[in-house]
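Asker: A single structure is presented below for examination.
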Amino acid sequence: MKKFAVILKYELKEYISSKGFITFTLLLAIIGAILLCLPRFFDLSKFTGVQTNSQNTENDVLQDDSSETVDSNIKYALYDPKGIADIQLLSQYFDGAQFIKTNSGDEIEALVNDHTVDAGFLIVSDTEYEYYIYNNSIYNKDQATFDEAMKMMSRIRYCQQHGLDINEITQMYEPQINVKEHIINKDSQQSYGYCYALVIIVFMLIMFYGQMIAVSVTTEKSNRAIEVLVTSTTPNSLLFGKVIAGAIAGIMQSGIILSSILISYQFNREQWGGMLDMVLNIPSNVLIVFAIFGTLGYLFYAFLFGAMGALVSKVEDVSKSVSGLTMIIMLIYFFSLFQLTNADGIIIKILSYLPFSSYTTMFMRVAMGSVSIWEIVLSFIILIVSVIGAGMLGAAIYRMGTLRYGNPIKLSAAVKSLRRQ
Amino acid sequence: MELEIRNIKKSFSDKEILHGISFKVKSGQALGLLGRNGAGKTTAIRIIMDVFRADSGDILIDGKHFKADHYKLGYLPEERGLYPKRTVWDQIIFLARLRGMKKSEAVKNTQKWLERIGIPEYASRKLETLSKGNQQKVQLAATLVSDPDIIILDEPFSGLDPVNSQILKDIVNELISEGKIVIFSSHQMSYVEEFCDSIAIIHHGEIVLSGSLTEIKREYGKNRLMLSAVNYSLKELEEKLLSDFSDLLTVTGKNKMVLILTKSQKTTSKDILERIAKSDIEINKFGIYEPSLNDIFVDKAGDEE
């Protein structure tokens with residue numbers, strides 16, 4: 001136990017004194033915190049939909065001075081030979097963009113070509129138009145907006161021709177509906193965002209630290225430090241020290257980054273208008289289940305990664321040795337993400353009991369589905385027993401593999417050799 | 001203390017590597033564990049260190065079952081290796097603590113050994129920034145920092161320059177005079193002859209020769225003489241002896257300087273000397289042949305063909 005503590009301390013020092021670790025952790029924590037403070041200092045109202053006091057006054061003044069436009073930076077060219085278009089209506093549809101009248105399609109093309117306008121429209125008839133754009137992006141909504149505007153202009157014209165009240169008809173077709181939500185159990189819409197984020201975080205932690213542990217074991221083999229280590233202490237202390245040091249480093253790292261982000265968000269929540277609640281306002285029960293299952297799942301895989309590292313002698317062989325494990329983790333990851341909206345489905349239910357996958361699927365069920373306490377406890381017990389099993393198996397493979405140099409040892413050969421012992 | 005390895009057998013994947021090896025070593029003595037590459041020395045050492053379990057046989061200390069974790073062991077492996085990216089200080093302290101030393105003791109001993117091997121100024125340097133010889137010295141400090149009772153040195157001199165070799169020689173002599181058990185494995189026979197009171201030669205997993213080095217040499221030199229002449233080359237001398245002295249001796253070998261002769265039964269050195277005196281051979285060297293450890297090793301562990 002004392003030796004385990006010595007190894008734990010030594011390995012932990014290796015992680016936390018590494019410049020890469022410190023820089024990466026602090027950089028992410030600071031960048032996260034700063035990004036979340038942005039709406040306090042800059043006008044992000046277009047993104048957040050919330051305006052700060054000072055910005056409100058400024059906009060009021062603008063609107064008083066000119067009722068014309070909010071955003072007049074965007075310009076469109078328009079050729080409307082039949083006089084179908086209502087420029088004011090178009091401008092409203094395009095958030096106050098400016099429409100420049102032209103006399104031909106060629107003129108539109110020329111204006112678009114030399115970037116005088118952002119895009120151009122040639123109205124052929126009531127129901128037909130041509131669109132000109134220099135580079136089209138996948139986010140371009142010009143055509144959809146113009147379609148809507150054309151439809152509205154057509155409706156207005158019809159109403160005028162037939163002596164109808166457009167407002168009355170619009171109200172009839174699109175009555176105002178009010179709703180008051182009463183969510184008795186879970187709000188999947190609310191949980192989806194943070195669940196998605198947590199699945200990614202635990203996946204990244206396991207992959208990143210798992211690989212690091214495997215590489216660290218192989219490095220000790222390749223630089224022969226293992227010769228001295230195994231004659232100074234037990235393989236169990238070595239593997240457990242290494243894995244738990246990695247776990248502590250991982251928890252510290254993600255803890256620092258997450259708390260910096262969460263604290264910064266709580267502090268600036270008003271400025272964000274609560275719009276990141278979906279990702280960052282995580283209920284404590286979900287966080288607790290995530291922390292417990294995430295940590296145990298991490299340990300489960302870390303032991304196996306350590307054992308896989310012991311099967312090879314060269315660092316360049318590590319990725320091949322751990323490929324089976326990474327494949328399983330990737331599959332669980334994709335299953336979890338695909339089934340995120342179906343947390344009560346049979347697949348997630350089964351996966352939430354298996355030690356290979358409960359680390360990610362159990363908190364998904366807690367956040368998005370219905371799960372009773374006994375299910376969580378049962379899955380927890382299965383996971384704990386599996387972690388101990390993985391630790392023992394990992395240490396046995398580690399002990400056997402550490403002093404065998406040369407060709408990579410196949411897992412099947414390692415297990416066979418263990419059985420013989 | 002007396003450490004005794006008795007009839008140890010070990011197999012890997014159904015192939016027997018050690019076929020029942022035995023040797024002994026006492027406190028204040030060094031045992032030379034010799035053998036060619038792949039003979040089974042490292043496996044034997046690892047069994048003593050309890051890294052591998054023997055399939056059968058015993059390791060005894062003062063006649064009782066030896067448990068590696070009850071004694072302080074210092075092992076300098078042939079394949080050197082520590083942590084290249086960590087500082088010299090950190091890793092020596094780490095290994096000392098791993099072998100059960102208190103922090104204060106570990107600090108004191110690390111300081112002492114870094115000074116003893118002459119590199120205290122490198123304490124805060126990363127291992128990889130040191131020269132190969134200095135890295136070797138750090139490894140030696142890491143081996144001895146826990147003040148071990150039993151010390152196993154596998155090829156300790158490889159990679160050391162003559163000055164550093166001298167420092168190491170002094171250290172090994174000190175360890176022996178302090179009453180430690182030293183097991184010394186090397187291919188450099190001159191060092192083994194210098195330190196070791198006894199040797200054990202492992203060949204293909206078997207002990208082919210073991211015991212006191214002096215006795216082994218005496219036994220090896222028994223009935224053997226050496227001869228060289230001023231007026232004959234070794235080849236001419238060999239021909240001469242074959243034709244004129246075949247009733248008294250046979251030529252059993254030669255090195256650069258002398259012919260090695262084995263006396264026939266009932267022949268004495270005096271008989272041979274008298275015959276030589278009567279011949280035209282002008283003696284350059286004549287005496288009892290004392291084999292070098294190298295000769296003994298090649299004889300015992302050389303290829304049979």
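Following the order of the structure tokens, chains are lettered A, B, ..., residues in each are numbered from 1, and ligands are numbered from 1.
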Where does DSSP see helix (DSSP H, G or I) in stretch 39-264 of chain B, if you list the residues as a PyMOL selection string?
Answerer: chain B and resi 41-48+68-70+88-98+103-116+120-122+127-129+132-144+162-177+189-195+213-221+234-244
Asker: Find the residues of chain A in contact range of chain B, meaning any atom within 6 Å when counting only C-alpha atoms, and list them as a ChimeraX atom specification.
Answerer: /A:3,223-225,232
Asker: If you run DSSP on the backbone, which residues of stretch 13-205 of chain A are strand (DSSP E), as a list of chain:residue names?
Answerer: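 DSSP-assigned strand (DSSP E) residues in stretch 13-205 of chain A: A:Lys75, A:Tyr76, A:Ala77, A:Leu78, A:Tyr79, A:Gln98, A:Phe99, A:Ile100, A:Lys101, A:Ala119, A:Gly120, A:Phe121, A:Leu122, A:Ile123, A:Val124, A:Ser125, A:Glu128, A:Tyr129, A:Glu130, A:Tyr131, A:Tyr132, A:Ile133.
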Asker: Write the residues you've just listed into a file as a JSON list (two decimals), in the first residue's frame, and include N, CA, C and O atoms for each of them.
Answerer:
```json
[["chain", "number", "residue", "atom", "x", "y", "z"],
["A", 75, "LYS", "N", -26.77, 44.26, -49.35],
["A", 75, "LYS", "CA", -27.42, 44.87, -50.53],
["A", 75, "LYS", "C", -27.78, 43.79, -51.54],
["A", 75, "LYS", "O", -27.03, 42.84, -51.73],
["A", 76, "TYR", "N", -28.98, 43.96, -52.13],
["A", 76, "TYR", "CA", -29.39, 43.04, -53.19],
["A", 76, "TYR", "C", -29.73, 43.85, -54.43],
["A", 76, "TYR", "O", -30.23, 44.97, -54.34],
["A", 77, "ALA", "N", -29.43, 43.25, -55.58],
["A", 77, "ALA", "CA", -29.86, 43.88, -56.83],
["A", 77, "ALA", "C", -31.21, 43.28, -57.21],
["A", 77, "ALA", "O", -31.46, 42.09, -56.95],
["A", 78, "LEU", "N", -32.10, 44.09, -57.79],
["A", 78, "LEU", "CA", -33.43, 43.59, -58.14],
["A", 78, "LEU", "C", -33.82, 44.11, -59.54],
["A", 78, "LEU", "O", -33.70, 45.31, -59.83],
["A", 79, "TYR", "N", -34.25, 43.20, -60.40],
["A", 79, "TYR", "CA", -34.80, 43.62, -61.70],
["A", 79, "TYR", "C", -36.23, 43.10, -61.74],
["A", 79, "TYR", "O", -36.48, 41.91, -61.68],
["A", 98, "GLN", "N", -30.86, 46.42, -48.20],
["A", 98, "GLN", "CA", -31.13, 47.43, -49.23],
["A", 98, "GLN", "C", -31.32, 46.76, -50.59],
["A", 98, "GLN", "O", -30.53, 45.87, -50.95],
["A", 99, "PHE", "N", -32.35, 47.15, -51.32],
["A", 99, "PHE", "CA", -32.56, 46.57, -52.66],
["A", 99, "PHE", "C", -32.29, 47.64, -53.72],
["A", 99, "PHE", "O", -32.88, 48.72, -53.70],
["A", 100, "ILE", "N", -31.35, 47.36, -54.63],
["A", 100, "ILE", "CA", -30.99, 48.32, -55.67],
["A", 100, "ILE", "C", -31.66, 47.89, -56.97],
["A", 100, "ILE", "O", -31.50, 46.74, -57.41],
["A", 101, "LYS", "N", -32.41, 48.81, -57.52],
["A", 101, "LYS", "CA", -33.14, 48.45, -58.75],
["A", 101, "LYS", "C", -32.19, 48.48, -59.95],
["A", 101, "LYS", "O", -31.32, 49.35, -60.04],
["A", 119, "ALA", "N", -26.20, 39.67, -53.57],
["A", 119, "ALA", "CA", -26.89, 38.74, -54.47],
["A", 119, "ALA", "C", -27.91, 39.53, -55.28],
["A", 119, "ALA", "O", -28.09, 40.73, -55.04],
["A", 120, "GLY", "N", -28.56, 38.88, -56.23],
["A", 120, "GLY", "CA", -29.54, 39.60, -57.03],
["A", 120, "GLY", "C", -30.73, 38.73, -57.41],
["A", 120, "GLY", "O", -30.64, 37.50, -57.45],
["A", 121, "PHE", "N", -31.90, 39.38, -57.64],
["A", 121, "PHE", "CA", -33.12, 38.65, -58.01],
["A", 121, "PHE", "C", -33.70, 39.25, -59.28],
["A", 121, "PHE", "O", -33.78, 40.48, -59.41],
["A", 122, "LEU", "N", -34.08, 38.40, -60.21],
["A", 122, "LEU", "CA", -34.78, 38.85, -61.42],
["A", 122, "LEU", "C", -36.17, 38.23, -61.35],
["A", 122, "LEU", "O", -36.32, 37.01, -61.39],
["A", 123, "ILE", "N", -37.21, 39.11, -61.20],
["A", 123, "ILE", "CA", -38.56, 38.56, -61.06],
["A", 123, "ILE", "C", -39.17, 38.39, -62.45],
["A", 123, "ILE", "O", -39.37, 39.37, -63.19],
["A", 124, "VAL", "N", -39.43, 37.14, -62.80],
["A", 124, "VAL", "CA", -39.95, 36.83, -64.14],
["A", 124, "VAL", "C", -41.47, 36.98, -64.15],
["A", 124, "VAL", "O", -42.05, 37.62, -65.02],
["A", 125, "SER", "N", -42.11, 36.39, -63.14],
["A", 125, "SER", "CA", -43.58, 36.51, -63.05],
["A", 125, "SER", "C", -43.97, 36.42, -61.58],
["A", 125, "SER", "O", -43.10, 36.36, -60.71],
["A", 128, "GLU", "N", -42.35, 33.16, -60.47],
["A", 128, "GLU", "CA", -41.07, 32.71, -61.00],
["A", 128, "GLU", "C", -40.03, 33.82, -60.88],
["A", 128, "GLU", "O", -40.35, 34.99, -61.14],
["A", 129, "TYR", "N", -38.83, 33.44, -60.45],
["A", 129, "TYR", "CA", -37.76, 34.43, -60.38],
["A", 129, "TYR", "C", -36.42, 33.75, -60.61],
["A", 129, "TYR", "O", -36.32, 32.52, -60.53],
["A", 130, "GLU", "N", -35.40, 34.57, -60.93],
["A", 130, "GLU", "CA", -34.04, 34.03, -61.08],
["A", 130, "GLU", "C", -33.19, 34.61, -59.96],
["A", 130, "GLU", "O", -33.37, 35.75, -59.56],
["A", 131, "TYR", "N", -32.23, 33.80, -59.51],
["A", 131, "TYR", "CA", -31.40, 34.22, -58.37],
["A", 131, "TYR", "C", -29.95, 34.26, -58.82],
["A", 131, "TYR", "O", -29.47, 33.35, -59.49],
["A", 132, "TYR", "N", -29.23, 35.34, -58.46],
["A", 132, "TYR", "CA", -27.83, 35.49, -58.82],
["A", 132, "TYR", "C", -26.99, 35.55, -57.54],
["A", 132, "TYR", "O", -27.29, 36.35, -56.65],
["A", 133, "ILE", "N", -25.97, 34.73, -57.47],
["A", 133, "ILE", "CA", -25.08, 34.77, -56.29],
["A", 133, "ILE", "C", -23.65, 34.47, -56.75],
["A", 133, "ILE", "O", -23.46, 33.68, -57.68]]
```
Asker: Compare A:Gln253, A:Met364, A:Ile226, A:Ile384 by their minimum atom-to-atom distance to A:Ser313, counting only C-alpha atoms, and give me the closest one.
Answerer: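 Closest to A:Ser313 of all the choices is A:Ile226.
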Asker: Show me, as a CSV table (one decimal) with all heavy atoms, in the first residue's frame, the residues that have an atom within 10 Å of stretch 258-270 of chain B when counting only C-alpha atoms, minus same-chain residues fewer than 4 positions from it.
Answerer:
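Output file out-v9.csv follows:
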```csv
chain,number,residue,atom,x,y,z
B,221,GLY,N,45.1,-26.4,-13.2
B,221,GLY,CA,46.5,-26.4,-13.5
B,221,GLY,C,47.2,-27.7,-13.1
B,221,GLY,O,48.4,-27.9,-13.5
B,222,LYS,N,46.5,-28.5,-12.5
B,222,LYS,CA,47.0,-29.8,-12.0
B,222,LYS,C,47.6,-30.6,-13.2
B,222,LYS,O,46.9,-30.7,-14.2
B,222,LYS,CB,45.9,-30.6,-11.3
B,222,LYS,CG,46.4,-31.5,-10.3
B,222,LYS,CD,45.1,-32.1,-9.6
B,222,LYS,CE,45.4,-33.3,-8.8
B,222,LYS,NZ,44.2,-33.9,-8.3
B,223,ASN,N,48.9,-31.1,-13.0
B,223,ASN,CA,49.5,-31.9,-14.1
B,223,ASN,C,49.8,-31.1,-15.3
B,223,ASN,O,50.1,-31.7,-16.4
B,223,ASN,CB,48.7,-33.1,-14.5
B,223,ASN,CG,48.6,-34.1,-13.4
B,223,ASN,OD1,49.6,-34.3,-12.6
B,223,ASN,ND2,47.5,-34.9,-13.3
B,224,ARG,N,49.6,-29.8,-15.2
B,224,ARG,CA,49.9,-29.0,-16.4
B,224,ARG,C,51.1,-28.1,-16.2
B,224,ARG,O,51.3,-27.5,-15.1
B,224,ARG,CB,48.7,-28.1,-16.8
B,224,ARG,CG,47.6,-29.0,-17.3
B,224,ARG,CD,46.5,-28.1,-17.9
B,224,ARG,NE,45.4,-28.9,-18.3
B,224,ARG,CZ,44.3,-28.4,-18.9
B,224,ARG,NH1,44.3,-27.1,-19.3
B,224,ARG,NH2,43.4,-29.2,-19.3
B,225,LEU,N,51.9,-27.9,-17.3
B,225,LEU,CA,53.1,-27.1,-17.2
B,225,LEU,C,53.0,-26.1,-18.4
B,225,LEU,O,52.3,-26.4,-19.3
B,225,LEU,CB,54.3,-27.9,-17.3
B,225,LEU,CG,54.5,-29.0,-16.2
B,225,LEU,CD1,55.7,-29.9,-16.6
B,225,LEU,CD2,54.9,-28.3,-14.9
B,226,MET,N,53.8,-25.1,-18.3
B,226,MET,CA,53.9,-24.2,-19.5
B,226,MET,C,55.4,-24.1,-19.9
B,226,MET,O,56.3,-24.2,-19.0
B,226,MET,CB,53.4,-22.9,-19.2
B,226,MET,CG,54.1,-22.2,-18.0
B,226,MET,SD,53.5,-20.5,-18.0
B,226,MET,CE,54.5,-19.9,-16.6
B,227,LEU,N,55.6,-24.0,-21.2
B,227,LEU,CA,57.0,-24.0,-21.6
B,227,LEU,C,57.1,-23.1,-22.9
B,227,LEU,O,56.3,-23.1,-23.8
B,227,LEU,CB,57.5,-25.4,-22.0
B,227,LEU,CG,58.9,-25.5,-22.6
B,227,LEU,CD1,59.9,-25.2,-21.6
B,227,LEU,CD2,59.1,-26.9,-23.1
B,228,SER,N,58.2,-22.3,-22.9
B,228,SER,CA,58.5,-21.6,-24.1
B,228,SER,C,60.1,-21.5,-24.2
B,228,SER,O,60.7,-21.6,-23.2
B,228,SER,CB,57.9,-20.2,-24.2
B,228,SER,OG,58.5,-19.3,-23.2
B,229,ALA,N,60.6,-21.4,-25.4
B,229,ALA,CA,62.0,-21.5,-25.6
B,229,ALA,C,62.5,-20.2,-26.3
B,229,ALA,O,61.8,-19.6,-27.1
B,229,ALA,CB,62.4,-22.7,-26.4
B,233,SER,N,60.5,-21.4,-32.1
B,233,SER,CA,59.2,-20.8,-32.1
B,233,SER,C,58.3,-21.8,-31.4
B,233,SER,O,58.6,-23.0,-31.3
B,233,SER,CB,58.8,-20.5,-33.5
B,233,SER,OG,58.5,-21.7,-34.2
B,234,LEU,N,57.0,-21.4,-31.1
B,234,LEU,CA,56.1,-22.3,-30.4
B,234,LEU,C,55.8,-23.5,-31.3
B,234,LEU,O,55.7,-24.6,-30.8
B,234,LEU,CB,54.8,-21.6,-30.1
B,234,LEU,CG,54.9,-20.5,-28.9
B,234,LEU,CD1,53.5,-19.9,-28.6
B,234,LEU,CD2,55.5,-21.2,-27.6
B,235,LYS,N,55.7,-23.2,-32.6
B,235,LYS,CA,55.4,-24.3,-33.5
B,235,LYS,C,56.5,-25.4,-33.6
B,235,LYS,O,56.3,-26.6,-33.5
B,235,LYS,CB,55.1,-23.8,-34.9
B,235,LYS,CG,54.2,-24.7,-35.7
B,235,LYS,CD,53.8,-24.1,-37.0
B,235,LYS,CE,53.2,-25.3,-37.8
B,235,LYS,NZ,53.3,-25.1,-39.2
B,237,LEU,N,58.8,-25.8,-31.4
B,237,LEU,CA,58.9,-26.4,-30.0
B,237,LEU,C,57.9,-27.5,-29.9
B,237,LEU,O,58.2,-28.6,-29.4
B,237,LEU,CB,58.7,-25.3,-29.0
B,237,LEU,CG,59.0,-25.8,-27.5
B,237,LEU,CD1,60.4,-26.2,-27.3
B,237,LEU,CD2,58.6,-24.6,-26.5
B,238,GLU,N,56.7,-27.2,-30.4
B,238,GLU,CA,55.7,-28.3,-30.3
B,238,GLU,C,56.1,-29.5,-31.1
B,238,GLU,O,55.9,-30.6,-30.6
B,238,GLU,CB,54.4,-27.7,-30.9
B,238,GLU,CG,53.2,-28.6,-30.7
B,238,GLU,CD,51.9,-28.0,-31.2
B,238,GLU,OE1,51.8,-26.8,-31.6
B,238,GLU,OE2,50.9,-28.8,-31.2
B,241,LEU,N,58.8,-31.4,-29.1
B,241,LEU,CA,58.3,-32.1,-28.0
B,241,LEU,C,57.5,-33.3,-28.4
B,241,LEU,O,57.6,-34.4,-27.8
B,241,LEU,CB,57.3,-31.2,-27.2
B,241,LEU,CG,58.0,-30.0,-26.5
B,241,LEU,CD1,57.0,-29.1,-25.8
B,241,LEU,CD2,59.0,-30.4,-25.4
B,246,SER,N,57.4,-37.4,-26.1
B,246,SER,CA,56.1,-38.0,-26.1
B,246,SER,C,55.9,-39.0,-25.0
B,246,SER,O,54.8,-39.3,-24.6
B,246,SER,CB,55.7,-38.6,-27.4
B,246,SER,OG,56.7,-39.6,-27.8
B,247,ASP,N,57.0,-39.5,-24.5
B,247,ASP,CA,56.8,-40.5,-23.3
B,247,ASP,C,56.6,-39.8,-22.0
B,247,ASP,O,56.0,-40.3,-21.1
B,247,ASP,CB,58.1,-41.3,-23.2
B,247,ASP,CG,59.3,-40.5,-23.1
B,247,ASP,OD1,59.4,-39.3,-23.7
B,247,ASP,OD2,60.3,-40.8,-22.4
B,248,LEU,N,56.9,-38.5,-22.0
B,248,LEU,CA,56.8,-37.7,-20.7
B,248,LEU,C,55.5,-36.8,-20.7
B,248,LEU,O,55.0,-36.6,-19.6
B,248,LEU,CB,58.0,-36.8,-20.5
B,248,LEU,CG,59.3,-37.5,-20.3
B,248,LEU,CD1,60.4,-36.5,-20.0
B,248,LEU,CD2,59.3,-38.4,-19.0
B,249,LEU,N,55.1,-36.3,-21.9
B,249,LEU,CA,54.1,-35.3,-21.8
B,249,LEU,C,53.3,-35.3,-23.2
B,249,LEU,O,53.7,-35.8,-24.2
B,249,LEU,CB,54.7,-33.9,-21.6
B,249,LEU,CG,55.8,-33.5,-22.5
B,249,LEU,CD1,55.3,-32.8,-23.7
B,249,LEU,CD2,56.7,-32.5,-21.7
B,250,THR,N,52.2,-34.6,-23.1
B,250,THR,CA,51.4,-34.2,-24.4
B,250,THR,C,51.2,-32.7,-24.4
B,250,THR,O,51.1,-32.1,-23.3
B,250,THR,CB,50.1,-34.9,-24.5
B,250,THR,OG1,49.4,-34.7,-23.2
B,250,THR,CG2,50.2,-36.4,-24.7
B,251,VAL,N,51.2,-32.2,-25.6
B,251,VAL,CA,50.9,-30.8,-25.8
B,251,VAL,C,49.4,-30.6,-25.8
B,251,VAL,O,48.8,-31.1,-26.8
B,251,VAL,CB,51.6,-30.2,-27.0
B,251,VAL,CG1,51.3,-28.7,-27.2
B,251,VAL,CG2,53.1,-30.4,-27.0
B,252,THR,N,48.9,-29.9,-24.8
B,252,THR,CA,47.4,-29.8,-24.8
B,252,THR,C,46.9,-28.5,-25.2
B,252,THR,O,45.7,-28.3,-25.2
B,252,THR,CB,46.9,-30.2,-23.4
B,252,THR,OG1,47.7,-29.5,-22.4
B,252,THR,CG2,46.9,-31.7,-23.2
B,253,GLY,N,47.8,-27.6,-25.4
B,253,GLY,CA,47.2,-26.2,-25.8
B,253,GLY,C,48.4,-25.2,-25.9
B,253,GLY,O,49.5,-25.5,-25.7
B,254,LYS,N,48.0,-24.1,-26.4
B,254,LYS,CA,49.0,-23.0,-26.4
B,254,LYS,C,48.3,-21.7,-26.4
B,254,LYS,O,47.1,-21.6,-26.8
B,254,LYS,CB,49.9,-23.1,-27.6
B,254,LYS,CG,49.3,-22.9,-29.0
B,254,LYS,CD,50.4,-23.0,-30.0
B,254,LYS,CE,49.7,-23.3,-31.4
B,254,LYS,NZ,50.7,-23.6,-32.4
B,274,GLU,N,64.8,-32.2,-16.4
B,274,GLU,CA,66.1,-32.8,-16.7
B,274,GLU,C,66.2,-33.2,-18.1
B,274,GLU,O,67.3,-32.9,-18.7
B,274,GLU,CB,66.2,-34.1,-15.8
B,274,GLU,CG,66.6,-33.8,-14.4
B,274,GLU,CD,66.5,-35.1,-13.5
B,274,GLU,OE1,66.1,-36.2,-14.0
B,274,GLU,OE2,66.8,-34.9,-12.3
B,275,ARG,N,65.1,-33.7,-18.7
B,275,ARG,CA,65.2,-34.0,-20.2
B,275,ARG,C,65.5,-32.8,-21.0
B,275,ARG,O,66.2,-32.8,-22.0
B,275,ARG,CB,63.9,-34.7,-20.6
B,275,ARG,CG,63.8,-35.1,-22.1
B,275,ARG,CD,64.5,-36.4,-22.4
B,275,ARG,NE,63.9,-37.5,-21.8
B,275,ARG,CZ,62.8,-38.2,-22.3
B,275,ARG,NH1,62.3,-37.8,-23.5
B,275,ARG,NH2,62.3,-39.3,-21.7
B,276,ILE,N,64.8,-31.7,-20.6
B,276,ILE,CA,65.0,-30.4,-21.4
B,276,ILE,C,66.4,-29.9,-21.2
B,276,ILE,O,67.1,-29.5,-22.2
B,276,ILE,CB,64.0,-29.3,-20.8
B,276,ILE,CG1,62.6,-29.6,-21.2
B,276,ILE,CG2,64.4,-27.9,-21.4
B,276,ILE,CD1,61.5,-28.7,-20.5
B,284,ASN,N,62.9,-20.4,-22.1
B,284,ASN,CA,62.5,-19.0,-21.8
B,284,ASN,C,61.6,-18.9,-20.6
B,284,ASN,O,61.8,-18.1,-19.7
B,284,ASN,CB,61.8,-18.5,-23.1
B,284,ASN,CG,61.3,-17.0,-22.9
B,284,ASN,OD1,62.0,-16.2,-22.2
B,284,ASN,ND2,60.2,-16.7,-23.5
B,285,LYS,N,60.6,-19.8,-20.6
B,285,LYS,CA,59.7,-19.9,-19.5
B,285,LYS,C,59.4,-21.3,-19.2
B,285,LYS,O,59.1,-22.1,-20.2
B,285,LYS,CB,58.3,-19.2,-19.8
B,285,LYS,CG,58.3,-17.8,-19.3
B,285,LYS,CD,56.9,-17.2,-19.5
B,285,LYS,CE,56.8,-15.7,-19.2
B,285,LYS,NZ,55.6,-15.1,-19.6
B,286,PHE,N,59.4,-21.7,-18.0
B,286,PHE,CA,59.0,-23.0,-17.6
B,286,PHE,C,58.4,-23.0,-16.2
B,286,PHE,O,58.9,-22.3,-15.3
B,286,PHE,CB,60.2,-24.0,-17.6
B,286,PHE,CG,59.9,-25.4,-17.2
B,286,PHE,CD1,59.3,-26.3,-18.1
B,286,PHE,CD2,60.1,-25.8,-15.9
B,286,PHE,CE1,59.0,-27.6,-17.7
B,286,PHE,CE2,59.8,-27.1,-15.5
B,286,PHE,CZ,59.2,-28.0,-16.4
B,287,GLY,N,57.2,-23.6,-16.1
B,287,GLY,CA,56.6,-23.5,-14.7
B,287,GLY,C,55.3,-24.2,-14.7
B,287,GLY,O,54.9,-24.8,-15.7
B,288,ILE,N,54.7,-24.1,-13.5
B,288,ILE,CA,53.3,-24.7,-13.4
B,288,ILE,C,52.3,-23.8,-14.1
B,288,ILE,O,52.4,-22.6,-14.0
B,288,ILE,CB,53.0,-24.9,-11.9
B,288,ILE,CG1,53.9,-25.9,-11.3
B,288,ILE,CG2,51.5,-25.2,-11.7
B,288,ILE,CD1,53.8,-26.0,-9.8
B,289,TYR,N,51.5,-24.4,-14.9
B,289,TYR,CA,50.5,-23.6,-15.7
B,289,TYR,C,49.4,-23.2,-14.8
B,289,TYR,O,48.7,-24.1,-14.2
B,289,TYR,CB,50.0,-24.5,-16.9
B,289,TYR,CG,48.9,-23.8,-17.6
B,289,TYR,CD1,49.0,-22.6,-18.3
B,289,TYR,CD2,47.6,-24.4,-17.6
B,289,TYR,CE1,48.0,-22.0,-18.9
B,289,TYR,CE2,46.6,-23.8,-18.3
B,289,TYR,CZ,46.7,-22.6,-18.9
B,289,TYR,OH,45.7,-22.0,-19.5
B,290,GLU,N,49.1,-21.9,-14.7
B,290,GLU,CA,47.9,-21.4,-14.0
B,290,GLU,C,47.0,-20.9,-15.0
B,290,GLU,O,47.3,-19.8,-15.7
B,290,GLU,CB,48.4,-20.2,-13.1
B,290,GLU,CG,48.5,-20.7,-11.7
B,290,GLU,CD,48.3,-19.6,-10.6
B,290,GLU,OE1,47.6,-18.6,-11.0
B,290,GLU,OE2,48.9,-19.7,-9.6
B,291,PRO,N,45.9,-21.5,-15.2
B,291,PRO,CA,45.0,-21.1,-16.3
B,291,PRO,C,44.3,-19.7,-15.9
B,291,PRO,O,44.1,-19.5,-14.8
B,291,PRO,CB,43.9,-22.2,-16.4
B,291,PRO,CG,43.9,-22.8,-15.0
B,291,PRO,CD,45.3,-22.6,-14.5
```
Asker: Here is a test: counting only C-alpha atoms, which residue of A:Phe334, A:Gly369, A:Leu325, A:Leu299 is nearest to A:Leu383?
Answerer: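 Closest to A:Leu383 of all the choices is A:Leu299.
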Asker: What gap, in Å, lies between atom CA of A:Glu316 and atom CA of A:Leu331?
Answerer: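 These atoms are spaced 23.9 Å apart.
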Asker: From the options A:Leu35, A:Leu276, A:Leu229, A:Leu296, which residue's atoms come nearest to A:Val385, counting only C-alpha atoms?
Answerer: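 Checking each of A:Leu35, A:Leu276, A:Leu229, A:Leu296 against A:Val385, counting only C-alpha atoms, the winner is A:Leu296.
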Asker: Excluding stretch 391-396 of chain A and residues on its chain fewer than 6 positions from it, collect all residues at most 6 Å away from it, counting only C-alpha atoms, and give them as a VMD selection string.
Answerer: chain A and resid 236 303 to 304 307
Asker: Name the closest residue to B:Asp154 among the candidates B:Thr42, B:Thr87, B:Ser190, B:Asn173; distances are taken between atoms, counting only C-alpha atoms.
Answerer: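 Closest candidate: B:Thr42.
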